Amino acid sequence: MKMRHSPRRSTRLWAVVAAIVLTLEVPSMCEAGEPATRAAPAAVAPLRIGSRRELFTDRFLIEDMRGTELRLHSPQRKETAIVFDQPWEGAHTGYVTVLADKDHPKDSPQFRMYYRGWPSWFDKDGKAIRGREVTCVALSEDGIRWIKPSLTLYEFTDQKSGSRVRTNNIVLPPDDPAASHNFTPFIDTRPGVPASERFKALTGSFKDGRPFWGYVSGDGIHWRKISKEPLLNKKNWPLRSDGCSIPCFWSDSDKCYFAYFRIWIDHNKQPMAAPGAGNDEKGWRWFGRARSEDFIHWKDVEPISCGDAPVEEHLYASEVQPYFRAPHLLLSFPCRMVYKKALSDAELDNFKVGPDNRQNVNDGAFMTSRDGLRFERTFMESFLRPGLDRRSWSGRNNYAACGVLSAGPEELSLYYTQGMDQLAEPSRSHLVRCTLRTDGFVSVHAPYRGGELLTKPLIFEGNSLEINYATSAVGEVRIEVQSGEGRPIEGFTLSQCDAIFGDQISRTVTWAGNADVSRISGKPIKLRFVLKDADLYSFRFGQ
């Protein structure tokens with residue numbers, strides 16, 4: 001039987017199709033005061049964030065995003081922070097650590113820098129020679145201008161010229177080969193730590209048969225070994241490993257020390273045994289974490305996990321550290337190394353690049369963790385590219401220093417090495433200071449057409465909400481507080497939120513002029529951020 005065509009039925013059908021297409025293509029941008037429509041998610045336990053600052057470096061807090069994206073922000077190169085031009089420093093100077101000592105004496109600078117000095121040169125036959133390694137210190141009042149103090153702790157003998165230098169900035173014995181290759185200090189924040197052990201450090205490398213030692217200091221200048229025996233040796237270290245910085249810190253939430261060592265993994269992301277132990281195939285440089293309750297006795301190293309992120313390059317150094325404005329969040333700035341030749345032979349010869357670093361190139365990556373073992377590689381893109389300077393395109397450049405310093409309320413200082421293994425004389429090896437907006441590693445970004453983000457259910461403590469944000473002249477940010485079930489709470493709806501526009505590290509949010517959120521403190525809520533031509537970097541509930 002032939003079906004009769006009904007114009008009315010056809011019109012209704014096309015209306016339904018059009019509605020579906022519009023729903024799929026257009027992000028939800030509701031008018032002020034109109035609640036966003038969401039499919040009811042499965043019930044989840046609220047995340048207790050207390051009054052801590054939260055950044056958007058991962059998707060841990062995010063339930064839904066529409067018309068917005070997470071955007072990685074690269075640090076901007078500024079000035080040369082320090083040049084490694086002394087006879088005991090040289091072209092292999094590296095593994096830099098920067099520290100902010102909030103309890104420093106009044107007559108001592110706040111910021112400290114530690115680094116390995118390692119002079120290198122070509123002999124008369126054109127062979128690359130590496131001298132003796134030392135550990136050095138530099139000081140700064142602002143993290144921008146650094147000075148090398150004149151110390152007389154240890155005499156240095158220049159192996160190239162034979163001259164002896166008594167006044168220098170060396171803080172560990174030059175004749176101790178186990179100490180200086182990767183000496184990585186930190187300030188111990190464990191409650192009750194003796195003042196004489198306020199500074200601690202790990203150093204060592206099994207690649208060259210050197211066990212791992214622990215060092216302590218009361219002033220960061222005069223160091224001693226914490227024990228007569230090494231903390232780790234090959235007997236309790238079955239994994240393939242080699243020399244690298246060893247970031248370490250006290251985790252107050254876990255009540256233990258975390259330390260990160262370089263290991264190797266195979267193409268199945270499994271840790272590789274030490275060479276000669278039945279697994280000598282090529283793999284990838286990676287890193288693992290060890291734990292200790294007392295800094296003396298360490299548990300086995302566990303390889304970190306990056307979930308489903310592909311392993312396509314070596315992670316040469318981890319540089320894991322708690323972010324000082326949000327210590328529950330661990331930041332990692334690994335150096336990615338790939339074996340590619342980026343420079344011509346003429347350029348490599350002109351820069352006098354050593355034989356080990358002519359066929360490889362590095363850049364800076366960024367990843368984060370909330371438990372110290374599972375890391376999120378939300379961004380596979382480079383955090384710091386080698387840039388326009390051709391000298392940055394030979395191997396072992398662009399290494400991040402371990403540590404992020406505050407250069408004031410609006411700016412962070414990060415540091416990257418340049419001129420590594422370039423044996424021109426005098427040495428051009430140096431450290432570049434880079435800057436980033438405070439909390440500005442990642443933002444929730446909305447274009448001109450607008451977008452929004454909805455958090456998972458949260459429980460906070462405090463009576464006000466502050467945000468770190470930036471908009472254009474025509475952009476804005478509005479925030480709605482919803483119940484844990486997603487219903488707008490009267491007094492905190494989108495239409496009641498006072499529009500926020502401008503550029504501020506800390507802005508208190510108000511609804512009809514009222515900033516007090518104490519009546520919903522301790523209760524499950526969701527935050528709905530509605531943005532237009534804007535970036536949101538962080539938020540925090542507090543007093």
# chains A, B, ... in the order shown; residues from 1 in each chain; ligands from 1
>>> residues_around(residues="range 440-446 of chain A", least_positions_apart="2", cutoff="8 Å", atoms="only C-alpha atoms", output="JSON, numbers by chain")
{"A": [55, 56, 57, 67, 68, 69, 70, 71, 72, 73, 74, 436, 437, 438, 448, 449, 450, 451, 452, 531, 532, 533, 534, 535, 536, 537, 538]}
>>> write_last_selection(atoms="N, CA and C atoms", output="JSON list (two decimals), in the first residue's frame")
[["chain", "number", "residue", "atom", "x", "y", "z"],
["A", 55, "LEU", "N", 44.32, 24.61, 41.15],
["A", 55, "LEU", "CA", 44.66, 24.99, 39.80],
["A", 55, "LEU", "C", 44.01, 24.02, 38.82],
["A", 56, "PHE", "N", 44.03, 24.37, 37.56],
["A", 56, "PHE", "CA", 43.39, 23.54, 36.53],
["A", 56, "PHE", "C", 44.46, 22.86, 35.68],
["A", 57, "THR", "N", 45.49, 22.32, 36.34],
["A", 57, "THR", "CA", 46.55, 21.64, 35.62],
["A", 57, "THR", "C", 46.16, 20.23, 35.19],
["A", 67, "GLY", "N", 32.51, 24.65, 25.41],
["A", 67, "GLY", "CA", 33.01, 25.86, 24.78],
["A", 67, "GLY", "C", 34.29, 26.39, 25.39],
["A", 68, "THR", "N", 34.88, 25.66, 26.34],
["A", 68, "THR", "CA", 36.15, 26.06, 26.96],
["A", 68, "THR", "C", 37.19, 24.97, 26.73],
["A", 69, "GLU", "N", 38.43, 25.29, 26.99],
["A", 69, "GLU", "CA", 39.51, 24.32, 26.88],
["A", 69, "GLU", "C", 40.55, 24.61, 27.94],
["A", 70, "LEU", "N", 41.34, 23.58, 28.29],
["A", 70, "LEU", "CA", 42.50, 23.77, 29.14],
["A", 70, "LEU", "C", 43.66, 24.17, 28.24],
["A", 71, "ARG", "N", 44.32, 25.27, 28.58],
["A", 71, "ARG", "CA", 45.37, 25.82, 27.73],
["A", 71, "ARG", "C", 46.67, 25.90, 28.51],
["A", 72, "LEU", "N", 47.74, 25.29, 27.95],
["A", 72, "LEU", "CA", 49.06, 25.33, 28.55],
["A", 72, "LEU", "C", 49.74, 26.65, 28.19],
["A", 73, "HIS", "N", 50.39, 27.27, 29.18],
["A", 73, "HIS", "CA", 51.08, 28.54, 28.95],
["A", 73, "HIS", "C", 52.58, 28.34, 29.12],
["A", 74, "SER", "N", 53.35, 28.79, 28.16],
["A", 74, "SER", "CA", 54.80, 28.61, 28.18],
["A", 74, "SER", "C", 55.47, 29.77, 28.92],
["A", 436, "LEU", "N", 56.60, 33.40, 34.40],
["A", 436, "LEU", "CA", 55.24, 32.92, 34.19],
["A", 436, "LEU", "C", 54.34, 33.63, 35.18],
["A", 437, "ARG", "N", 53.14, 33.89, 34.78],
["A", 437, "ARG", "CA", 52.17, 34.47, 35.69],
["A", 437, "ARG", "C", 52.00, 33.57, 36.92],
["A", 438, "THR", "N", 51.79, 34.15, 38.07],
["A", 438, "THR", "CA", 51.53, 33.37, 39.27],
["A", 438, "THR", "C", 50.32, 32.45, 39.04],
["A", 448, "TYR", "N", 35.85, 34.38, 22.46],
["A", 448, "TYR", "CA", 34.89, 35.49, 22.46],
["A", 448, "TYR", "C", 33.45, 34.99, 22.55],
["A", 449, "ARG", "N", 33.14, 33.91, 21.89],
["A", 449, "ARG", "CA", 31.76, 33.40, 21.91],
["A", 449, "ARG", "C", 31.36, 32.85, 23.27],
["A", 450, "GLY", "N", 32.33, 32.58, 24.12],
["A", 450, "GLY", "CA", 32.03, 32.16, 25.49],
["A", 450, "GLY", "C", 32.06, 30.67, 25.70],
["A", 451, "GLY", "N", 32.03, 30.28, 26.93],
["A", 451, "GLY", "CA", 32.02, 28.87, 27.33],
["A", 451, "GLY", "C", 31.88, 28.75, 28.83],
["A", 452, "GLU", "N", 31.87, 27.53, 29.32],
["A", 452, "GLU", "CA", 31.70, 27.33, 30.76],
["A", 452, "GLU", "C", 32.35, 26.05, 31.23],
["A", 531, "LEU", "N", 32.48, 31.98, 31.27],
["A", 531, "LEU", "CA", 33.53, 32.89, 30.83],
["A", 531, "LEU", "C", 33.30, 33.35, 29.39],
["A", 532, "LYS", "N", 33.77, 34.54, 29.11],
["A", 532, "LYS", "CA", 33.77, 35.07, 27.75],
["A", 532, "LYS", "C", 35.09, 35.78, 27.52],
["A", 533, "ASP", "N", 35.84, 35.36, 26.48],
["A", 533, "ASP", "CA", 37.13, 35.94, 26.16],
["A", 533, "ASP", "C", 37.95, 36.12, 27.43],
["A", 534, "ALA", "N", 38.17, 35.00, 28.12],
["A", 534, "ALA", "CA", 38.76, 35.07, 29.46],
["A", 534, "ALA", "C", 39.57, 33.82, 29.74],
["A", 535, "ASP", "N", 40.46, 33.93, 30.74],
["A", 535, "ASP", "CA", 41.24, 32.80, 31.26],
["A", 535, "ASP", "C", 41.08, 32.75, 32.77],
["A", 536, "LEU", "N", 40.86, 31.55, 33.28],
["A", 536, "LEU", "CA", 40.75, 31.32, 34.72],
["A", 536, "LEU", "C", 41.90, 30.40, 35.12],
["A", 537, "TYR", "N", 42.73, 30.84, 36.07],
["A", 537, "TYR", "CA", 43.94, 30.11, 36.44],
["A", 537, "TYR", "C", 43.79, 29.30, 37.73],
["A", 538, "SER", "N", 43.09, 29.85, 38.70],
["A", 538, "SER", "CA", 42.96, 29.15, 39.97],
["A", 538, "SER", "C", 41.82, 29.75, 40.77]]
>>> residues_around(residues="range 239-247 of chain A", least_positions_apart="5", cutoff="8 Å", atoms="only C-alpha atoms", output="PyMOL selection string")
chain A and resi 95+181-186+202-208+259-264+271-275+316-321+402
>>> select_by_dssp(residues="range 178-247 of chain A", states="helix (DSSP H, G or I)", output="PDB file with N, CA and C atoms, in the first residue's frame")
ATOM      1  N   ALA A 195      67.482  21.844  63.815  1.00  0.00           N
ATOM      2  CA  ALA A 195      67.972  23.000  63.061  1.00  0.00           C
ATOM      3  C   ALA A 195      69.262  22.667  62.321  1.00  0.00           C
ATOM      4  N   SER A 196      70.051  21.775  62.878  1.00  0.00           N
ATOM      5  CA  SER A 196      71.320  21.399  62.242  1.00  0.00           C
ATOM      6  C   SER A 196      71.121  20.531  61.005  1.00  0.00           C
ATOM      7  N   GLU A 197      69.883  20.084  60.764  1.00  0.00           N
ATOM      8  CA  GLU A 197      69.579  19.242  59.600  1.00  0.00           C
ATOM      9  C   GLU A 197      68.464  19.844  58.756  1.00  0.00           C
ATOM     10  N   LYS A 234      73.856  -0.979  45.448  1.00  0.00           N
ATOM     11  CA  LYS A 234      73.394  -1.895  44.406  1.00  0.00           C
ATOM     12  C   LYS A 234      72.708  -3.133  44.955  1.00  0.00           C
ATOM     13  N   LYS A 235      72.990  -3.474  46.215  1.00  0.00           N
ATOM     14  CA  LYS A 235      72.360  -4.664  46.788  1.00  0.00           C
ATOM     15  C   LYS A 235      70.854  -4.512  46.899  1.00  0.00           C
ATOM     16  N   ASN A 236      70.379  -3.280  47.171  1.00  0.00           N
ATOM     17  CA  ASN A 236      68.935  -3.079  47.269  1.00  0.00           C
ATOM     18  C   ASN A 236      68.426  -2.204  46.123  1.00  0.00           C
TER      19      ASN A 236
END
>>> residues_around(residues="range 131-134 of chain A", least_positions_apart="4", cutoff="7 Å", atoms="only C-alpha atoms", output="MDAnalysis selection string")
chainID A and resid 116:120 159 170 172 174 180:181
>>> write_last_selection(atoms="N, CA and C atoms", output="CSV table (one decimal), in the first residue's frame")
chain,number,residue,atom,x,y,z
A,116,ARG,N,76.0,21.8,39.9
A,116,ARG,CA,77.2,21.0,39.6
A,116,ARG,C,78.1,21.8,38.7
A,117,GLY,N,79.3,22.1,39.1
A,117,GLY,CA,80.3,22.6,38.2
A,117,GLY,C,81.1,21.5,37.6
A,118,TRP,N,81.4,21.5,36.3
A,118,TRP,CA,82.1,20.4,35.6
A,118,TRP,C,82.8,21.0,34.4
A,119,PRO,N,84.1,21.4,34.6
A,119,PRO,CA,84.8,22.0,33.5
A,119,PRO,C,85.1,21.0,32.4
A,120,SER,N,85.0,21.4,31.2
A,120,SER,CA,85.3,20.5,30.0
A,120,SER,C,86.0,21.3,28.9
A,159,GLN,N,92.6,21.3,36.6
A,159,GLN,CA,93.4,20.2,35.9
A,159,GLN,C,94.0,20.6,34.6
A,170,ILE,N,82.6,26.8,46.2
A,170,ILE,CA,82.4,25.4,46.3
A,170,ILE,C,82.1,25.0,47.7
A,172,LEU,N,81.3,21.5,48.6
A,172,LEU,CA,81.5,20.1,48.9
A,172,LEU,C,83.0,19.7,48.5
A,174,PRO,N,86.0,18.7,46.6
A,174,PRO,CA,86.2,18.4,45.2
A,174,PRO,C,86.8,17.0,45.0
A,180,SER,N,79.3,15.2,44.0
A,180,SER,CA,78.9,16.4,43.3
A,180,SER,C,78.2,16.1,41.9
A,181,HIS,N,78.1,14.9,41.4
A,181,HIS,CA,77.5,14.8,40.1
A,181,HIS,C,76.0,15.2,40.0
>>> residues_around(residues="Gly513 in chain A", least_positions_apart="4", cutoff="9 Å", atoms="only C-alpha atoms", output="short mmCIF file (atom, residue, chain, number, x, y, z; two decimals) with N, CA and C atoms, in the first residue's frame")
data_model
loop_
_atom_site.label_atom_id
_atom_site.label_comp_id
_atom_site.auth_asym_id
_atom_site.auth_seq_id
_atom_site.Cartn_x
_atom_site.Cartn_y
_atom_site.Cartn_z
N GLN A 496 22.82 36.71 39.85
CA GLN A 496 23.16 37.51 41.02
C GLN A 496 24.66 37.79 41.13
N CYS A 497 25.48 37.06 40.34
CA CYS A 497 26.93 37.25 40.41
C CYS A 497 27.31 38.57 39.75
N ASP A 498 28.08 39.36 40.44
CA ASP A 498 28.57 40.61 39.87
C ASP A 498 29.63 40.29 38.82
N VAL A 509 35.03 37.15 44.75
CA VAL A 509 33.78 37.09 44.00
C VAL A 509 32.64 37.58 44.89
#
>>> closest_residue(among="A:Gly372, A:Arg325, A:Leu231, A:Ile221", to="Leu412 in chain A", atoms="only C-alpha atoms")
A:Arg325
>>> select_by_dssp(residues="range 333-420 of chain A", states="strand (DSSP E)", output="PyMOL selection string")
chain A and resi 335-338+361-364+367-369+375-376+405-406+411-418
>>> write_last_selection(atoms="N, CA and C atoms", output="PDB file, in the first residue's frame")
ATOM      1  N   CYS A 335      62.840  17.130  31.287  1.00  0.00           N
ATOM      2  CA  CYS A 335      63.485  17.469  30.022  1.00  0.00           C
ATOM      3  C   CYS A 335      63.237  16.311  29.060  1.00  0.00           C
ATOM      4  N   ARG A 336      62.620  16.605  27.924  1.00  0.00           N
ATOM      5  CA  ARG A 336      62.370  15.571  26.924  1.00  0.00           C
ATOM      6  C   ARG A 336      63.558  15.512  25.959  1.00  0.00           C
ATOM      7  N   MET A 337      64.079  14.314  25.762  1.00  0.00           N
ATOM      8  CA  MET A 337      65.203  14.164  24.844  1.00  0.00           C
ATOM      9  C   MET A 337      64.833  13.211  23.717  1.00  0.00           C
ATOM     10  N   VAL A 338      65.101  13.629  22.490  1.00  0.00           N
ATOM     11  CA  VAL A 338      64.907  12.771  21.323  1.00  0.00           C
ATOM     12  C   VAL A 338      66.208  12.745  20.534  1.00  0.00           C
ATOM     13  N   VAL A 361      68.455  16.347  20.808  1.00  0.00           N
ATOM     14  CA  VAL A 361      67.914  17.676  21.098  1.00  0.00           C
ATOM     15  C   VAL A 361      66.897  17.543  22.225  1.00  0.00           C
ATOM     16  N   ASN A 362      66.739  18.618  23.000  1.00  0.00           N
ATOM     17  CA  ASN A 362      65.872  18.581  24.169  1.00  0.00           C
ATOM     18  C   ASN A 362      64.912  19.758  24.176  1.00  0.00           C
ATOM     19  N   ASP A 363      63.763  19.563  24.823  1.00  0.00           N
ATOM     20  CA  ASP A 363      62.908  20.684  25.192  1.00  0.00           C
ATOM     21  C   ASP A 363      62.288  20.403  26.558  1.00  0.00           C
ATOM     22  N   GLY A 364      61.479  21.326  27.051  1.00  0.00           N
ATOM     23  CA  GLY A 364      60.901  21.186  28.387  1.00  0.00           C
ATOM     24  C   GLY A 364      59.464  20.716  28.323  1.00  0.00           C
ATOM     25  N   MET A 367      54.125  18.192  33.602  1.00  0.00           N
ATOM     26  CA  MET A 367      53.147  17.212  34.070  1.00  0.00           C
ATOM     27  C   MET A 367      52.909  17.409  35.566  1.00  0.00           C
ATOM     28  N   THR A 368      51.847  16.832  36.066  1.00  0.00           N
ATOM     29  CA  THR A 368      51.466  17.064  37.459  1.00  0.00           C
ATOM     30  C   THR A 368      50.971  15.780  38.110  1.00  0.00           C
ATOM     31  N   SER A 369      50.963  15.779  39.433  1.00  0.00           N
ATOM     32  CA  SER A 369      50.465  14.628  40.186  1.00  0.00           C
ATOM     33  C   SER A 369      49.817  15.103  41.475  1.00  0.00           C
ATOM     34  N   PHE A 375      51.018  10.409  37.437  1.00  0.00           N
ATOM     35  CA  PHE A 375      51.204  11.735  36.855  1.00  0.00           C
ATOM     36  C   PHE A 375      50.294  11.906  35.645  1.00  0.00           C
ATOM     37  N   GLU A 376      49.788  13.125  35.509  1.00  0.00           N
ATOM     38  CA  GLU A 376      48.919  13.463  34.383  1.00  0.00           C
ATOM     39  C   GLU A 376      49.725  14.206  33.328  1.00  0.00           C
ATOM     40  N   LEU A 405      60.458  29.804  41.940  1.00  0.00           N
ATOM     41  CA  LEU A 405      60.543  30.883  42.917  1.00  0.00           C
ATOM     42  C   LEU A 405      59.512  31.962  42.620  1.00  0.00           C
ATOM     43  N   SER A 406      59.106  32.681  43.658  1.00  0.00           N
ATOM     44  CA  SER A 406      58.209  33.818  43.492  1.00  0.00           C
ATOM     45  C   SER A 406      59.030  35.069  43.257  1.00  0.00           C
ATOM     46  N   GLU A 411      54.328  37.188  39.647  1.00  0.00           N
ATOM     47  CA  GLU A 411      55.240  36.538  38.708  1.00  0.00           C
ATOM     48  C   GLU A 411      56.011  35.407  39.358  1.00  0.00           C
ATOM     49  N   LEU A 412      56.181  34.312  38.617  1.00  0.00           N
ATOM     50  CA  LEU A 412      57.013  33.193  39.017  1.00  0.00           C
ATOM     51  C   LEU A 412      58.298  33.202  38.209  1.00  0.00           C
ATOM     52  N   SER A 413      59.388  32.734  38.832  1.00  0.00           N
ATOM     53  CA  SER A 413      60.662  32.569  38.135  1.00  0.00           C
ATOM     54  C   SER A 413      60.969  31.088  37.983  1.00  0.00           C
ATOM     55  N   LEU A 414      61.236  30.678  36.745  1.00  0.00           N
ATOM     56  CA  LEU A 414      61.707  29.343  36.427  1.00  0.00           C
ATOM     57  C   LEU A 414      63.036  29.509  35.696  1.00  0.00           C
ATOM     58  N   TYR A 415      63.874  28.480  35.748  1.00  0.00           N
ATOM     59  CA  TYR A 415      65.226  28.618  35.218  1.00  0.00           C
ATOM     60  C   TYR A 415      65.568  27.425  34.331  1.00  0.00           C
ATOM     61  N   TYR A 416      66.253  27.714  33.209  1.00  0.00           N
ATOM     62  CA  TYR A 416      66.629  26.669  32.254  1.00  0.00           C
ATOM     63  C   TYR A 416      68.088  26.855  31.838  1.00  0.00           C
ATOM     64  N   THR A 417      68.807  25.738  31.684  1.00  0.00           N
ATOM     65  CA  THR A 417      70.209  25.780  31.307  1.00  0.00           C
ATOM     66  C   THR A 417      70.360  25.999  29.803  1.00  0.00           C
ATOM     67  N   GLN A 418      71.441  26.688  29.438  1.00  0.00           N
ATOM     68  CA  GLN A 418      71.781  26.934  28.046  1.00  0.00           C
ATOM     69  C   GLN A 418      73.293  26.810  27.883  1.00  0.00           C
TER      70      GLN A 418
END
